[in-house]
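Notes follow the structure.
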Amino acid sequence: MAQFYKPQARTSQPQRLTDQLVVELDHQGRGVVRTPKGVKFVAGALPTERIAITVQGKHEAHLDRIQTSSTQRIEPPCAFYEQCGGCDLQHLELDAQRAHKQQVVIEMLAKFAQVEAQQWLPPLTGDAWNYRRRARLAVHYDAKRHQLKVGFRAPKSKQICVIDHCLVLAESLNKLLQPLQQLLPQLALVKQLGHVELIEFEHQVVVLLRVKQWPDEQDLNQLQEFATAHQVSLWCESDQQLAPLVANEPLSYRTVGTSISCLPTNFMQAHRQLSEQMVKQALVWLDIQPNEKVLELYAGSGNFTLPLALAGAQVTAIEGVATMVEQLKANAQNAQVSIEAFCCDLEQPWHRQSWRQDGYGKALLDPARAGAPHAIHEVAQLQPQRIVYISCAPDTLARDAKVLKEHGYQLKQAQVVDMFPQTHHIEVMTRFERE
Ligand SMILES: C[S@@+](CC[C@H](N)C(=O)[O-])C[C@H]1O[C@@H](n2cnc3c(N)ncnc32)[C@H](O)[C@@H]1O
């Protein structure tokens, strides 16, 4: 066989630097330092601090030591802070976290859209701990050692950080962590387990098991016992089906003025208090007039749709997931409001859609992180007088704000929603008006 020369892999000493000044926080909550070798992003560092770092790759560096510390630094309260990839801003005072999030949005809007909000309202805030009503737990089963790891993923890694208590999780979910760690290794399905979700609904807690094969008789008995002992509903999801194994009553969550029934796999805002506050703010900003036509995009199961309809709007709601559209229609019927709902991929051209019409006075968009790269052009062409755009990603918001600006919209008001305290994730509401 032919042999080829193979150069030895280069090994270089890790580059260590001391006395580096952190000049700002980036949108992922990392400290920014300008070293002689270029800008480096350092997780855990805060502006004004002087730090010692080890350069890791082209853009990142590891925080070795804090030489002088920020006055905004606090002791991270979580025991898993060092290993878990979750709450990466808990070393920063809460007010400073919120101010930072607003600043990130201001800078992104200025940089990528040359847009400035005419008014920033103070952030919408709620509980900063024990607020998450939904969590996806990663699981890994080591068949040789018969060991199961249940927890959250470590940052940028497939490693699982095993946790038995999470400070941002709702207490009703927290208290299931240890019992689940005991139950799951006893089940035959442990080898087929993808992940586990814990979800707090209005009247019950759901444990959702993502499996490759449906549980056998013996597993079903054990799951039944677990559900009774811990007063939870148990659901299973495989590629073929989603069904309750042990269910109490229909699942629902509260929105303004009514409840939304849904499936455990449907989207639900992470923070119960802030979900409702956000809907209230959208109602204020949209200032619905009787029988006004409102186009709602990325509608989910109706979190905004129903309150808008109850306020007197004629809502046309669009959502891409068919089960959520069905749920939305049923929810409207239960709330005795009349709406129109359509299942449609909003990122495809709209010209064949019956609901693509003039006459919408207002529009509400609440897209996922990808924003609305196509839909924003379409909605701007329909020229509603007012657009409320809710975003969970300031970079895609800035991109879409630029399109609105080009269509003659001005950003009148903006407001950070503190939906994900202790983490770098940002939720923001914006109100655009056509000139
Ligand atoms: C952030 S959630 C908001 C849902 C809802 N407004 C709420 O508050 O519960 C975004 C929604 O957009 C939907 N979605 C994402 N991409 C879509 C697309 N290309 N077309 C239509 N819907 C989409 C998702 O299924 C999800 O329900």
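Every chain in the structure tokens takes a letter, A first, then B, and so on in the order presented; its residues are numbered from 1, and the ligands are numbered from 1 following the presented order.
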Quiz item: What residues have any atom no more than 7 Å from ligand 1 when counting only C-alpha atoms and all ligand atoms, and can you list them as a list in words?
Solution: Phe267, Met268, Gln269, Tyr298, Ala299, Gly300, Ser301, Gly302, Asn303, Phe304, Ile318, Glu319, Gly320, Val321, Cys344, Asp345, Leu346, Glu347, Asp366, Pro367 and Ala368 of chain A
Hey, what does DSSP flag as strand (DSSP E) within stretch 266-358 of chain A? Can you give it to me as a PDB file with C-alpha atoms, in the first residue's frame?
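That gives us out-v9.pdb:
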```
ATOM      1  CA  LYS A 293     -59.273  43.153  11.547  1.00  0.00           C
ATOM      2  CA  VAL A 294     -56.043  41.849  13.062  1.00  0.00           C
ATOM      3  CA  LEU A 295     -53.572  39.501  11.386  1.00  0.00           C
ATOM      4  CA  GLU A 296     -51.729  37.336  13.870  1.00  0.00           C
ATOM      5  CA  LEU A 297     -48.667  35.410  12.699  1.00  0.00           C
ATOM      6  CA  GLN A 314     -61.689  39.955  14.138  1.00  0.00           C
ATOM      7  CA  VAL A 315     -58.543  37.821  14.295  1.00  0.00           C
ATOM      8  CA  THR A 316     -57.009  35.853  11.452  1.00  0.00           C
ATOM      9  CA  ALA A 317     -54.393  33.629  13.072  1.00  0.00           C
ATOM     10  CA  ILE A 318     -51.677  31.747  11.196  1.00  0.00           C
ATOM     11  CA  GLU A 319     -49.589  28.917  12.611  1.00  0.00           C
ATOM     12  CA  GLU A 340     -60.225  32.370  11.578  1.00  0.00           C
ATOM     13  CA  ALA A 341     -57.184  30.118  11.845  1.00  0.00           C
ATOM     14  CA  PHE A 342     -55.032  28.676   9.071  1.00  0.00           C
ATOM     15  CA  CYS A 343     -52.128  26.247   8.978  1.00  0.00           C
TER      16      CYS A 343
END
```
Can you tell me, as a PDB file with C-alpha atoms, in the first residue's frame, what residues are no more than 9 Å from stretch 209-215 of chain A when counting only C-alpha atoms, ignoring any on the same chain fewer than 5 positions away?
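File produced: selection_29.pdb:
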```pdb
ATOM      1  CA  LEU A 187     -37.832   0.543  33.546  1.00  0.00           C
ATOM      2  CA  ALA A 188     -37.129  -1.648  30.516  1.00  0.00           C
ATOM      3  CA  LEU A 189     -37.652   1.439  28.337  1.00  0.00           C
ATOM      4  CA  VAL A 190     -34.628   3.151  29.883  1.00  0.00           C
ATOM      5  CA  LYS A 191     -32.554   1.852  26.948  1.00  0.00           C
ATOM      6  CA  GLN A 192     -34.956   3.499  24.504  1.00  0.00           C
ATOM      7  CA  LEU A 193     -35.299   6.810  26.259  1.00  0.00           C
ATOM      8  CA  GLY A 194     -34.588   9.948  24.191  1.00  0.00           C
ATOM      9  CA  HIS A 195     -35.298  12.666  26.734  1.00  0.00           C
ATOM     10  CA  VAL A 196     -37.780  13.579  29.459  1.00  0.00           C
ATOM     11  CA  GLU A 197     -39.841  16.752  29.613  1.00  0.00           C
ATOM     12  CA  LEU A 220     -46.808   0.673  32.358  1.00  0.00           C
ATOM     13  CA  LEU A 234     -47.627  10.664  32.266  1.00  0.00           C
ATOM     14  CA  TRP A 235     -47.393  10.955  28.504  1.00  0.00           C
ATOM     15  CA  CYS A 236     -45.290   9.119  25.959  1.00  0.00           C
ATOM     16  CA  GLU A 237     -44.134  10.303  22.579  1.00  0.00           C
ATOM     17  CA  SER A 238     -42.573   8.139  19.867  1.00  0.00           C
ATOM     18  CA  ASP A 239     -42.091   8.790  16.152  1.00  0.00           C
TER      19      ASP A 239
END
```
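Here atom CA of A:Val115 stands at a distance of 7.2 Å from atom CA of A:Leu411.
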Practice problem: Write out as a VMD selection string all residues of stretch 60-246 of chain A that backbone DSSP assigns to helix (DSSP H, G or I). | Solution: chain A and resid 94 to 113 171 to 174 177 to 186 188 to 192 217 to 230
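With distances taken over only C-alpha atoms, A:Gln83 is the one residue among A:Gln15, A:Gln83, A:Lys111, A:Asp219 lying closest to A:Lys156.
With only C-alpha atoms as the atoms that count, the minimum distance from A:Ala309 to the choices A:Pro264, A:Pro76, A:Gly57, A:Gly257 is reached by A:Gly257.
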Practice problem: Find the residues near stretch 32-44 of chain A: any atom within 9 Å, counting only C-alpha atoms, skip ones fewer than 3 places away on the same chain, and give them as number ranges by chain. | Solution: A: 17, 20-26, 28-29, 47, 53, 55-56, 58-63, 88-89, 91
Exercise. Give me the residues within 6 Å of A:Glu433 as a count of residues only, counting only C-alpha atoms and dropping any in the same chain fewer than 3 places off.
Key: 4
Quiz prompt | Using only C-alpha atoms: which of A:Ile163, A:Met419, A:Met429, A:Leu274 has the shortest distance to A:Leu397 | solution = A:Met429
Self-check item: Residue neighbourhood A:Cys84, 8 Å, only C-alpha atoms, exclusion window fewer than 5 positions, as a VMD selection string
Solution: chain A and resid 152 to 155 161
Practice problem: Find the spatial neighbours of stretch 334-338 of chain A, counting only C-alpha atoms, within a cut-off of 10 Å - ignore same-chain residues fewer than 6 positions away - and output them as a ChimeraX atom specification. | Solution: /A:257-261,305-316,328
